[in-house]
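Participant: My structure is in query-v2.pdb, and what it holds is PDB, C-alpha atoms:
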```
ATOM      1  CA  MET A   1     -21.526  49.877 -50.950
ATOM      2  CA  GLY A   2     -20.358  46.909 -48.920
ATOM      3  CA  LYS A   3     -18.111  47.145 -45.940
ATOM      4  CA  ASN A   4     -14.828  45.420 -45.244
ATOM      5  CA  VAL A   5     -13.473  44.312 -41.887
ATOM      6  CA  LEU A   6      -9.945  43.517 -40.709
ATOM      7  CA  LEU A   7      -9.543  40.893 -37.975
ATOM      8  CA  VAL A   8      -6.266  41.133 -36.055
ATOM      9  CA  ASP A   9      -5.287  38.274 -33.734
ATOM     10  CA  ASP A  10      -2.228  36.020 -33.521
ATOM     11  CA  SER A  11      -4.558  33.014 -33.199
ATOM     12  CA  LYS A  12      -5.964  31.783 -36.505
ATOM     13  CA  THR A  13      -8.601  29.940 -34.489
ATOM     14  CA  MET A  14      -9.747  33.156 -32.855
ATOM     15  CA  ARG A  15      -9.886  34.984 -36.186
ATOM     16  CA  MET A  16     -12.127  32.217 -37.527
ATOM     17  CA  ILE A  17     -14.319  32.343 -34.425
ATOM     18  CA  ILE A  18     -14.728  36.120 -34.702
ATOM     19  CA  GLY A  19     -15.573  35.811 -38.392
ATOM     20  CA  ARG A  20     -18.130  33.106 -37.661
ATOM     21  CA  THR A  21     -19.635  35.126 -34.807
ATOM     22  CA  LEU A  22     -20.009  38.189 -37.027
ATOM     23  CA  ARG A  23     -21.880  36.082 -39.593
ATOM     24  CA  GLN A  24     -24.095  34.587 -36.891
ATOM     25  CA  ALA A  25     -24.847  38.093 -35.639
ATOM     26  CA  GLY A  26     -25.987  39.022 -39.131
ATOM     27  CA  VAL A  27     -23.220  41.590 -39.478
ATOM     28  CA  GLY A  28     -22.449  41.349 -43.161
ATOM     29  CA  PHE A  29     -19.117  42.276 -44.662
ATOM     30  CA  ASP A  30     -18.104  42.095 -48.298
ATOM     31  CA  ASN A  31     -14.531  41.228 -47.435
ATOM     32  CA  VAL A  32     -12.932  39.881 -44.274
ATOM     33  CA  PHE A  33      -9.215  40.589 -44.135
ATOM     34  CA  GLU A  34      -6.943  39.000 -41.541
ATOM     35  CA  ALA A  35      -3.672  39.848 -39.831
ATOM     36  CA  SER A  36      -1.731  38.009 -37.141
ATOM     37  CA  ASP A  37      -0.215  41.081 -35.494
ATOM     38  CA  GLY A  38      -0.145  44.872 -35.597
ATOM     39  CA  LEU A  39       2.554  45.002 -38.256
ATOM     40  CA  GLU A  40       0.550  42.871 -40.660
ATOM     41  CA  ALA A  41      -2.551  44.889 -39.806
ATOM     42  CA  LEU A  42      -0.859  48.155 -40.802
ATOM     43  CA  ASP A  43       0.227  46.552 -44.057
ATOM     44  CA  VAL A  44      -3.356  45.480 -44.811
ATOM     45  CA  LEU A  45      -4.697  48.939 -43.959
ATOM     46  CA  ASP A  46      -2.197  50.485 -46.365
ATOM     47  CA  ARG A  47      -3.300  48.187 -49.189
ATOM     48  CA  GLU A  48      -7.016  47.559 -48.687
ATOM     49  CA  ASP A  49     -10.167  49.565 -48.120
ATOM     50  CA  VAL A  50     -11.126  48.666 -44.541
ATOM     51  CA  HIS A  51     -14.090  50.139 -42.694
ATOM     52  CA  ILE A  52     -13.556  48.687 -39.247
ATOM     53  CA  VAL A  53     -10.838  46.786 -37.392
ATOM     54  CA  LEU A  54     -11.352  44.204 -34.644
ATOM     55  CA  SER A  55      -8.057  43.724 -32.834
ATOM     56  CA  ASP A  56      -6.612  41.680 -30.017
ATOM     57  CA  ILE A  57      -4.215  43.349 -27.605
ATOM     58  CA  ASN A  58      -1.645  40.700 -26.679
ATOM     59  CA  MET A  59       0.166  39.776 -29.893
ATOM     60  CA  PRO A  60       3.820  39.240 -30.829
ATOM     61  CA  ASN A  61       5.826  41.595 -33.069
ATOM     62  CA  MET A  62       3.423  44.513 -32.575
ATOM     63  CA  ASN A  63       0.666  44.324 -29.962
ATOM     64  CA  GLY A  64      -2.725  46.021 -30.102
ATOM     65  CA  ILE A  65      -1.656  49.119 -28.184
ATOM     66  CA  GLU A  66       1.422  49.612 -30.344
ATOM     67  CA  PHE A  67      -0.749  49.121 -33.422
ATOM     68  CA  LEU A  68      -3.137  51.847 -32.273
ATOM     69  CA  ARG A  69      -0.239  54.192 -31.573
ATOM     70  CA  GLU A  70       1.330  53.663 -34.991
ATOM     71  CA  LYS A  71      -2.017  53.835 -36.800
ATOM     72  CA  ALA A  72      -2.760  57.196 -35.160
ATOM     73  CA  ASN A  73       0.375  58.586 -36.798
ATOM     74  CA  ARG A  74      -0.721  57.722 -40.321
ATOM     75  CA  ASP A  75      -3.149  60.240 -41.842
ATOM     76  CA  ALA A  76      -4.539  57.810 -44.422
ATOM     77  CA  ILE A  77      -5.716  55.259 -41.847
ATOM     78  CA  LYS A  78      -5.946  57.063 -38.517
ATOM     79  CA  ASP A  79      -9.740  57.497 -38.662
ATOM     80  CA  ILE A  80     -10.611  53.842 -39.291
ATOM     81  CA  PRO A  81     -12.449  52.675 -36.146
ATOM     82  CA  VAL A  82     -10.777  49.971 -34.070
ATOM     83  CA  LEU A  83     -12.613  47.738 -31.642
ATOM     84  CA  MET A  84     -10.496  45.778 -29.183
ATOM     85  CA  ILE A  85     -11.345  42.098 -28.624
ATOM     86  CA  SER A  86      -9.258  40.756 -25.792
ATOM     87  CA  THR A  87      -9.013  38.970 -22.458
ATOM     88  CA  GLU A  88      -7.691  42.260 -21.078
ATOM     89  CA  THR A  89     -10.237  44.219 -19.059
ATOM     90  CA  GLY A  90      -8.090  46.461 -16.853
ATOM     91  CA  ASP A  91      -9.029  50.125 -16.728
ATOM     92  CA  ASP A  92      -5.414  51.158 -17.401
ATOM     93  CA  ILE A  93      -4.990  49.274 -20.638
ATOM     94  CA  MET A  94      -8.515  49.986 -21.894
ATOM     95  CA  GLY A  95      -8.060  53.642 -20.994
ATOM     96  CA  GLU A  96      -4.834  53.726 -22.970
ATOM     97  CA  ALA A  97      -6.525  52.021 -25.915
ATOM     98  CA  ARG A  98      -9.307  54.609 -25.922
ATOM     99  CA  GLU A  99      -6.811  57.471 -25.689
ATOM    100  CA  LEU A 100      -5.113  56.032 -28.760
ATOM    101  CA  GLY A 101      -8.386  55.875 -30.674
ATOM    102  CA  ALA A 102     -10.095  52.573 -29.867
ATOM    103  CA  VAL A 103     -13.860  53.000 -30.067
ATOM    104  CA  GLY A 104     -14.760  50.169 -27.714
ATOM    105  CA  ASN A 105     -13.910  46.693 -26.505
ATOM    106  CA  ILE A 106     -15.346  43.200 -26.347
ATOM    107  CA  LYS A 107     -14.050  40.855 -23.675
ATOM    108  CA  LYS A 108     -13.191  37.247 -24.512
ATOM    109  CA  PRO A 109     -15.133  34.991 -24.221
ATOM    110  CA  PHE A 110     -17.951  36.683 -26.081
ATOM    111  CA  THR A 111     -21.417  35.784 -27.316
ATOM    112  CA  VAL A 112     -23.074  36.436 -30.657
ATOM    113  CA  ASP A 113     -25.428  38.918 -28.975
ATOM    114  CA  LYS A 114     -22.539  40.867 -27.460
ATOM    115  CA  VAL A 115     -20.732  41.138 -30.779
ATOM    116  CA  ASP A 116     -23.934  42.297 -32.470
ATOM    117  CA  GLU A 117     -24.562  44.840 -29.705
ATOM    118  CA  VAL A 118     -21.110  46.389 -29.988
ATOM    119  CA  VAL A 119     -20.261  46.068 -33.691
ATOM    120  CA  THR A 120     -23.538  46.903 -35.439
ATOM    121  CA  PRO A 121     -23.784  50.508 -34.186
ATOM    122  CA  LEU A 122     -20.301  51.181 -35.547
ATOM    123  CA  LEU A 123     -21.220  50.338 -39.138
TER     124      LEU A 123
ATOM    125  CA  MET B   1      -2.279  30.188  -1.238
ATOM    126  CA  SER B   2      -2.645  33.813  -2.275
ATOM    127  CA  ALA B   3      -5.600  33.099  -4.540
ATOM    128  CA  PRO B   4      -9.070  33.891  -3.205
ATOM    129  CA  PRO B   5     -10.655  31.109  -1.106
ATOM    130  CA  ASP B   6     -13.369  30.554  -3.711
ATOM    131  CA  ILE B   7     -10.903  30.145  -6.589
ATOM    132  CA  ASN B   8     -12.258  26.695  -7.456
ATOM    133  CA  GLU B   9     -15.767  28.073  -7.916
ATOM    134  CA  LYS B  10     -14.447  30.980  -9.946
ATOM    135  CA  ILE B  11     -12.475  28.651 -12.219
ATOM    136  CA  VAL B  12     -15.651  26.621 -12.761
ATOM    137  CA  GLU B  13     -17.553  29.831 -13.577
ATOM    138  CA  CYS B  14     -15.028  31.051 -16.114
ATOM    139  CA  VAL B  15     -14.585  27.708 -17.879
ATOM    140  CA  SER B  16     -18.350  27.254 -18.014
ATOM    141  CA  GLU B  17     -18.743  30.718 -19.550
ATOM    142  CA  ILE B  18     -16.137  29.922 -22.211
ATOM    143  CA  PHE B  19     -17.671  26.583 -23.080
ATOM    144  CA  ASN B  20     -21.235  27.887 -23.126
ATOM    145  CA  SER B  21     -20.546  30.996 -25.187
ATOM    146  CA  MET B  22     -17.776  29.958 -27.577
ATOM    147  CA  VAL B  23     -17.097  26.214 -27.565
ATOM    148  CA  MET B  24     -20.827  25.431 -27.586
ATOM    149  CA  MET B  25     -20.253  22.270 -25.549
ATOM    150  CA  ASP B  26     -21.964  21.094 -22.371
ATOM    151  CA  VAL B  27     -19.574  21.176 -19.425
ATOM    152  CA  SER B  28     -19.980  20.469 -15.738
ATOM    153  CA  SER B  29     -17.772  20.312 -12.673
ATOM    154  CA  SER B  30     -18.156  19.658  -8.979
ATOM    155  CA  GLY B  31     -15.390  22.170  -8.358
ATOM    156  CA  GLU B  32     -13.390  19.620  -6.388
ATOM    157  CA  ASN B  33      -9.641  20.134  -6.083
ATOM    158  CA  LEU B  34      -7.270  17.346  -7.062
ATOM    159  CA  SER B  35      -3.815  17.170  -5.527
ATOM    160  CA  SER B  36      -2.065  15.800  -8.594
ATOM    161  CA  LEU B  37      -2.738  14.522 -12.092
ATOM    162  CA  GLY B  38       0.113  12.057 -12.202
ATOM    163  CA  GLU B  39       0.955  10.670 -15.619
ATOM    164  CA  ILE B  40      -0.909  12.448 -18.414
ATOM    165  CA  LYS B  41      -1.643  10.203 -21.387
ATOM    166  CA  ASP B  42      -2.683  10.845 -24.978
ATOM    167  CA  SER B  43      -3.289  14.502 -24.238
ATOM    168  CA  ILE B  44      -2.344  18.046 -25.086
ATOM    169  CA  THR B  45      -1.603  20.727 -22.504
ATOM    170  CA  ALA B  46      -1.735  24.462 -23.126
ATOM    171  CA  VAL B  47       0.025  26.763 -20.666
ATOM    172  CA  VAL B  48       0.041  30.509 -20.051
ATOM    173  CA  GLY B  49       2.259  32.218 -17.513
ATOM    174  CA  LEU B  50       1.274  34.829 -14.976
ATOM    175  CA  ALA B  51       3.732  37.494 -13.825
ATOM    176  CA  GLY B  52       3.449  40.540 -11.605
ATOM    177  CA  THR B  53       1.767  40.735  -8.229
ATOM    178  CA  HIS B  54       0.872  37.061  -8.699
ATOM    179  CA  ARG B  55       3.274  34.591 -10.321
ATOM    180  CA  GLY B  56       2.386  31.208 -11.690
ATOM    181  CA  VAL B  57       0.948  29.302 -14.595
ATOM    182  CA  VAL B  58      -2.484  28.327 -15.833
ATOM    183  CA  ALA B  59      -2.632  25.017 -17.683
ATOM    184  CA  VAL B  60      -5.467  23.319 -19.533
ATOM    185  CA  HIS B  61      -4.928  19.567 -19.897
ATOM    186  CA  LEU B  62      -7.132  18.007 -22.571
ATOM    187  CA  PRO B  63      -7.234  14.368 -23.705
ATOM    188  CA  ASN B  64      -6.727  14.325 -27.451
ATOM    189  CA  ARG B  65     -10.319  13.372 -28.228
ATOM    190  CA  ILE B  66     -11.607  16.353 -26.224
ATOM    191  CA  ALA B  67      -9.036  18.670 -27.817
ATOM    192  CA  ARG B  68     -10.265  17.571 -31.264
ATOM    193  CA  ALA B  69     -13.907  18.036 -30.248
ATOM    194  CA  VAL B  70     -13.251  21.509 -28.831
ATOM    195  CA  THR B  71     -11.420  22.518 -31.996
ATOM    196  CA  SER B  72     -14.191  21.094 -34.174
ATOM    197  CA  ASN B  73     -16.717  23.214 -32.304
ATOM    198  CA  PHE B  74     -14.519  26.307 -32.428
ATOM    199  CA  LEU B  75     -13.977  26.034 -36.155
ATOM    200  CA  GLY B  76     -17.268  24.481 -37.230
ATOM    201  CA  THR B  77     -15.450  21.692 -39.046
ATOM    202  CA  GLU B  78     -14.548  18.082 -38.239
ATOM    203  CA  ILE B  79     -11.033  17.652 -36.849
ATOM    204  CA  GLU B  80      -9.534  14.187 -37.272
ATOM    205  CA  GLU B  81      -6.058  14.553 -35.768
ATOM    206  CA  ILE B  82      -3.946  16.664 -33.450
ATOM    207  CA  ASN B  83      -2.571  19.332 -35.765
ATOM    208  CA  GLU B  84      -1.656  23.007 -35.780
ATOM    209  CA  GLU B  85      -5.319  24.030 -35.632
ATOM    210  CA  VAL B  86      -5.830  21.972 -32.484
ATOM    211  CA  ARG B  87      -2.704  23.392 -30.854
ATOM    212  CA  ASP B  88      -3.830  26.899 -31.722
ATOM    213  CA  ALA B  89      -7.366  26.291 -30.442
ATOM    214  CA  VAL B  90      -6.209  24.778 -27.164
ATOM    215  CA  GLY B  91      -3.746  27.625 -26.745
ATOM    216  CA  GLU B  92      -6.538  30.115 -27.212
ATOM    217  CA  LEU B  93      -8.616  28.224 -24.657
ATOM    218  CA  ALA B  94      -5.782  28.549 -22.131
ATOM    219  CA  ASN B  95      -5.436  32.218 -23.042
ATOM    220  CA  MET B  96      -9.088  32.886 -22.202
ATOM    221  CA  VAL B  97      -8.980  30.847 -18.981
ATOM    222  CA  GLY B  98      -5.757  32.585 -17.958
ATOM    223  CA  GLY B  99      -7.165  35.987 -18.787
ATOM    224  CA  ASN B 100     -10.225  35.384 -16.636
ATOM    225  CA  ILE B 101      -8.169  34.008 -13.735
ATOM    226  CA  LYS B 102      -5.859  37.023 -13.922
ATOM    227  CA  THR B 103      -8.906  39.268 -13.557
ATOM    228  CA  MET B 104     -10.043  37.340 -10.492
ATOM    229  CA  LEU B 105      -6.684  37.495  -8.752
ATOM    230  CA  SER B 106      -5.993  41.173  -8.603
ATOM    231  CA  ASP B 107      -7.499  44.575  -9.423
ATOM    232  CA  ASN B 108      -9.212  43.545 -12.661
ATOM    233  CA  GLY B 109      -5.935  41.927 -13.705
ATOM    234  CA  ALA B 110      -4.210  45.262 -14.266
ATOM    235  CA  ASP B 111      -1.036  44.336 -12.363
ATOM    236  CA  ILE B 112      -0.610  40.847 -13.748
ATOM    237  CA  ASP B 113       0.844  40.079 -17.174
ATOM    238  CA  LEU B 114      -0.179  37.044 -19.182
ATOM    239  CA  SER B 115       2.274  35.242 -21.430
ATOM    240  CA  MET B 116       1.559  33.929 -24.913
ATOM    241  CA  PRO B 117       0.220  30.363 -24.725
ATOM    242  CA  SER B 118       2.475  27.358 -25.272
ATOM    243  CA  THR B 119       1.386  23.807 -25.921
ATOM    244  CA  ILE B 120       2.867  20.388 -25.338
ATOM    245  CA  GLY B 121       1.364  17.004 -25.934
ATOM    246  CA  GLY B 122       2.070  13.332 -26.411
ATOM    247  CA  ASP B 123       1.410   9.763 -25.415
ATOM    248  CA  SER B 124       2.735  10.153 -21.890
ATOM    249  CA  TYR B 125       4.109  13.060 -19.874
ATOM    250  CA  PHE B 126       4.078  14.651 -16.452
ATOM    251  CA  PHE B 127       3.266  18.263 -15.611
ATOM    252  CA  GLU B 128       5.273  18.853 -12.469
ATOM    253  CA  LYS B 129       5.268  21.831 -10.172
ATOM    254  CA  PRO B 130       8.281  23.516  -8.600
ATOM    255  CA  HIS B 131       8.764  23.846  -4.835
ATOM    256  CA  ASP B 132       6.957  26.565  -2.895
ATOM    257  CA  VAL B 133       4.036  26.506  -5.284
ATOM    258  CA  ASP B 134       0.395  25.978  -4.438
ATOM    259  CA  THR B 135      -1.734  24.102  -6.928
ATOM    260  CA  VAL B 136      -5.422  23.966  -7.760
ATOM    261  CA  ILE B 137      -6.525  21.263 -10.222
ATOM    262  CA  VAL B 138     -10.204  21.281 -11.203
ATOM    263  CA  PRO B 139     -11.755  18.482 -13.317
ATOM    264  CA  PHE B 140     -14.422  19.235 -15.915
ATOM    265  CA  ASP B 141     -16.755  16.738 -17.567
ATOM    266  CA  VAL B 142     -17.786  17.074 -21.227
ATOM    267  CA  PRO B 143     -19.470  14.537 -23.546
ATOM    268  CA  ASP B 144     -16.107  13.085 -24.646
ATOM    269  CA  GLY B 145     -14.659  12.685 -21.176
ATOM    270  CA  THR B 146     -12.864  14.709 -18.516
ATOM    271  CA  PHE B 147     -10.281  17.470 -18.800
ATOM    272  CA  HIS B 148      -8.509  19.507 -16.145
ATOM    273  CA  VAL B 149      -7.656  23.139 -15.487
ATOM    274  CA  GLU B 150      -4.625  23.683 -13.281
ATOM    275  CA  LEU B 151      -3.473  26.825 -11.533
ATOM    276  CA  GLN B 152      -0.003  26.854 -10.005
ATOM    277  CA  MET B 153       0.888  29.901  -7.929
ATOM    278  CA  ALA B 154       4.032  30.929  -6.120
ATOM    279  CA  ARG B 155       3.418  31.341  -2.416
ATOM    280  CA  GLN B 156       3.453  34.950  -1.239
TER     281      GLN B 156
END
```
Turn the structure described in the file into structure tokens.
Facilitator:
Amino acid sequence: MGKNVLLVDDSKTMRMIIGRTLRQAGVGFDNVFEASDGLEALDVLDREDVHIVLSDINMPNMNGIEFLREKANRDAIKDIPVLMISTETGDDIMGEARELGAVGNIKKPFTVDKVDEVVTPLL
Amino acid sequence: MSAPPDINEKIVECVSEIFNSMVMMDVSSSGENLSSLGEIKDSITAVVGLAGTHRGVVAVHLPNRIARAVTSNFLGTEIEEINEEVRDAVGELANMVGGNIKTMLSDNGADIDLSMPSTIGGDSYFFEKPHDVDTVIVPFDVPDGTFHVELQMARQ
């Protein structure tokens, strides 16, 4: 069965870049869903069958940390793995993300090889 | 200035990394520091703010033709005009530059917040700095010309 991914970033450009990078890395997904913030991401997770989420941290309306916190409170979606893709690298914020369930992080800017290295083992 | 003494070199490093890994465009810079850009013409500028232990702004000033080329490379499609996609792409470029600079300035960037990017552009404008601010302006050369990355920081 194919896998579906949800890309969460307030920049449409960045969502397209991540999607392109996943394809270049040979990471195949049947469906690529998109959301521009944590609120939209929760809505997608409630409606669609998603196997992995790649999420930015700094977003309006609901940021990546708030998204993780809210997602952890919802039994139906709490176990879907979330990978953070962000310019943030601080130990505090990454530590908080991991405590809230994030399974890893990719720093922007990223390469195809880096995305392959981090994403593929999660599928 | 409260930035590290090698900030010019570090800005060159971070912009080069972004362009090599994600924009897929050749870029080079001598790392020189300009005192002022003066009148900015036919360009688009993306700005992110820094707040916390270090206060200031990071701006990326791109002539329109370079902004279109960067966006084309980001999206893998030909961009013919300055539109929402270009503004978004340039904003994301500033976001990545700002994020890297924030990391350089202090403790892995943990005590500095980065704002959402804003963009402004047009036929002719000035990007002025307030008083008591130190400025670093680094030029970068790409196939379509020269763009600039500017860091303005409040003196500490």
Participant: If I take atom CA of Leu62 of chain B and atom CA of Val112 of chain A, how far is one from the other in Å, to one decimal?
Facilitator: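 Spanning atom CA of Leu62 of chain B to atom CA of Val112 of chain A is a straight-line distance of 25.7 Å.
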Participant: On this structure, which residues satisfy the PyMOL selection byres ((chain A) within 6 of (chain B)), written as a compact mmCIF listing (two decimals) with C-alpha atoms, in the coordinates of the input?
Facilitator:
```
# COMPACT_ATOMS: atom_id res chain seq x y z
CA THR A 13 -8.60 29.94 -34.49
CA THR A 87 -9.01 38.97 -22.46
CA GLY A 90 -8.09 46.46 -16.85
CA PRO A 109 -15.13 34.99 -24.22
CA THR A 111 -21.42 35.78 -27.32
```
Participant: Could you give me, as a PyMOL selection string, the residues within 8 Å of Val138 of chain B, counting only C-alpha atoms and dropping anything in the same chain fewer than 5 positions from it?
Facilitator: chain B and resi 8+11-12+29+31-34+148-150
Participant: Residues within 9 Å of Asn4 of chain A, please, as a short mmCIF file (atom, residue, chain, number, x, y, z; two decimals) with C-alpha atoms, in the coordinates of the input. Count only C-alpha atoms; anything in the same chain fewer than 3 positions from it doesn't count.
Facilitator:
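Okay, this is what ended up in part14.cif:
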```cif
data_model
loop_
_atom_site.label_atom_id
_atom_site.label_comp_id
_atom_site.auth_asym_id
_atom_site.auth_seq_id
_atom_site.Cartn_x
_atom_site.Cartn_y
_atom_site.Cartn_z
CA GLY A 28 -22.45 41.35 -43.16
CA PHE A 29 -19.12 42.28 -44.66
CA ASP A 30 -18.10 42.10 -48.30
CA ASN A 31 -14.53 41.23 -47.44
CA VAL A 32 -12.93 39.88 -44.27
CA PHE A 33 -9.22 40.59 -44.14
CA GLU A 48 -7.02 47.56 -48.69
CA ASP A 49 -10.17 49.56 -48.12
CA VAL A 50 -11.13 48.67 -44.54
CA HIS A 51 -14.09 50.14 -42.69
CA ILE A 52 -13.56 48.69 -39.25
CA VAL A 53 -10.84 46.79 -37.39
#
```
Participant: With the PyMOL selection byres ((chain A and resi 21) around 10) as the selection, what would be picked from this file? Answer as a short mmCIF file (atom, residue, chain, number, x, y, z; two decimals) with C-alpha atoms, keeping the file's coordinate frame, please.
Facilitator:
```cif
data_model
loop_
_atom_site.label_atom_id
_atom_site.label_comp_id
_atom_site.auth_asym_id
_atom_site.auth_seq_id
_atom_site.Cartn_x
_atom_site.Cartn_y
_atom_site.Cartn_z
CA ARG A 15 -9.89 34.98 -36.19
CA MET A 16 -12.13 32.22 -37.53
CA ILE A 17 -14.32 32.34 -34.42
CA ILE A 18 -14.73 36.12 -34.70
CA GLY A 19 -15.57 35.81 -38.39
CA ARG A 20 -18.13 33.11 -37.66
CA LEU A 22 -20.01 38.19 -37.03
CA ARG A 23 -21.88 36.08 -39.59
CA GLN A 24 -24.10 34.59 -36.89
CA ALA A 25 -24.85 38.09 -35.64
CA GLY A 26 -25.99 39.02 -39.13
CA VAL A 27 -23.22 41.59 -39.48
CA PHE A 110 -17.95 36.68 -26.08
CA THR A 111 -21.42 35.78 -27.32
CA VAL A 112 -23.07 36.44 -30.66
CA ASP A 113 -25.43 38.92 -28.98
CA LYS A 114 -22.54 40.87 -27.46
CA VAL A 115 -20.73 41.14 -30.78
CA ASP A 116 -23.93 42.30 -32.47
CA MET B 22 -17.78 29.96 -27.58
#
```
Participant: Using all atoms listed in the file, find the one residue out of A:Ile106, A:Leu7, A:Val119, A:Ile77 that sits nearest to Met94 of chain A.
Facilitator: A:Ile106
Participant: Expand the PyMOL selection byres ((chain A and resi 62) around 12) into the individual residues it matches in the shown file, reporting them as number ranges by chain.
Facilitator: A: 8-10, 35-42, 55-61, 63-71
Participant: Can you tell me which residues surround segment 127-129 of chain B at a distance of at most 10 Å, considering only C-alpha atoms, apart from same-chain residues fewer than 2 positions away, and format the answer as a list in words?
Facilitator: Ser36, Leu37, Gly38, Glu39, Ile40, Thr45, Gly56, Val57, Ala59, His61, Ile120, Tyr125, His131, Asp132, Val133, Asp134, Thr135, Glu150, Gln152 and Met153 of chain B
Participant: From the options B:Asp141, B:Ile66, B:Ser72, B:Leu50, which residue's atoms come nearest to Ser16 of chain B, counting all atoms listed in the file?
Facilitator: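 Using all atoms listed in the file, Ser16 of chain B sits closest to B:Asp141.
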Participant: Could you check how far atom CA of Val70 of chain B sits from atom CA of Gly49 of chain B, in Å to one decimal?
Facilitator: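 Separation between atom CA of Val70 of chain B and atom CA of Gly49 of chain B: 22.0 Å.
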Participant: What does the distance from atom CA of Asp26 of chain B to atom CA of Arg68 of chain B come to in Å, to one decimal?
Facilitator: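 About the pair atom CA of Asp26 of chain B and atom CA of Arg68 of chain B: they are 15.1 Å apart.
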Participant: Would you pick out the contacts of Gly104 of chain A at 8 Å or less, using only C-alpha atoms, so that residues sharing its chain but fewer than 6 positions from it are not included, and give the list as a list in words?
Facilitator: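 So, after excluding close chain neighbours, the residues are Val82, Leu83, Met84, Arg98 and Val118 of chain A.
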Participant: Only C-alpha atoms needed: put segment 65-104 of chain A from the block into a file as a tab-separated table (two decimals), in the first residue's frame.
Facilitator:
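Result went into part31.tsv, see below:
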```
chain	number	residue	atom	x	y	z
A	65	ILE	CA	5.33	23.34	18.45
A	66	GLU	CA	1.69	24.18	19.07
A	67	PHE	CA	0.73	21.73	16.33
A	68	LEU	CA	2.71	18.95	18.01
A	69	ARG	CA	1.12	19.74	21.36
A	70	GLU	CA	-2.41	19.66	19.97
A	71	LYS	CA	-1.76	16.56	17.86
A	72	ALA	CA	-0.51	14.70	20.95
A	73	ASN	CA	-3.92	15.24	22.54
A	74	ARG	CA	-5.83	13.55	19.74
A	75	ASP	CA	-5.85	9.74	19.97
A	76	ALA	CA	-6.64	9.22	16.28
A	77	ILE	CA	-3.56	11.09	15.04
A	78	LYS	CA	-1.10	11.24	17.93
A	79	ASP	CA	1.08	8.38	16.63
A	80	ILE	CA	1.65	9.78	13.13
A	81	PRO	CA	5.39	10.60	12.96
A	82	VAL	CA	6.33	14.25	12.54
A	83	LEU	CA	9.66	15.42	11.20
A	84	MET	CA	10.52	19.08	11.72
A	85	ILE	CA	12.00	21.01	8.78
A	86	SER	CA	13.08	24.42	9.95
A	87	THR	CA	15.76	27.09	10.25
A	88	GLU	CA	15.53	26.54	14.01
A	89	THR	CA	18.39	24.49	15.44
A	90	GLY	CA	18.44	25.48	19.11
A	91	ASP	CA	18.60	22.66	21.63
A	92	ASP	CA	15.69	24.15	23.61
A	93	ILE	CA	13.20	24.22	20.78
A	94	MET	CA	14.32	20.90	19.28
A	95	GLY	CA	14.21	19.34	22.73
A	96	GLU	CA	10.67	20.60	23.19
A	97	ALA	CA	9.69	19.28	19.77
A	98	ARG	CA	11.04	15.83	20.63
A	99	GLU	CA	9.27	15.84	23.99
A	100	LEU	CA	6.05	16.55	22.11
A	101	GLY	CA	6.63	13.66	19.73
A	102	ALA	CA	8.78	14.89	16.84
A	103	VAL	CA	10.90	12.03	15.52
A	104	GLY	CA	13.68	14.16	14.07
```
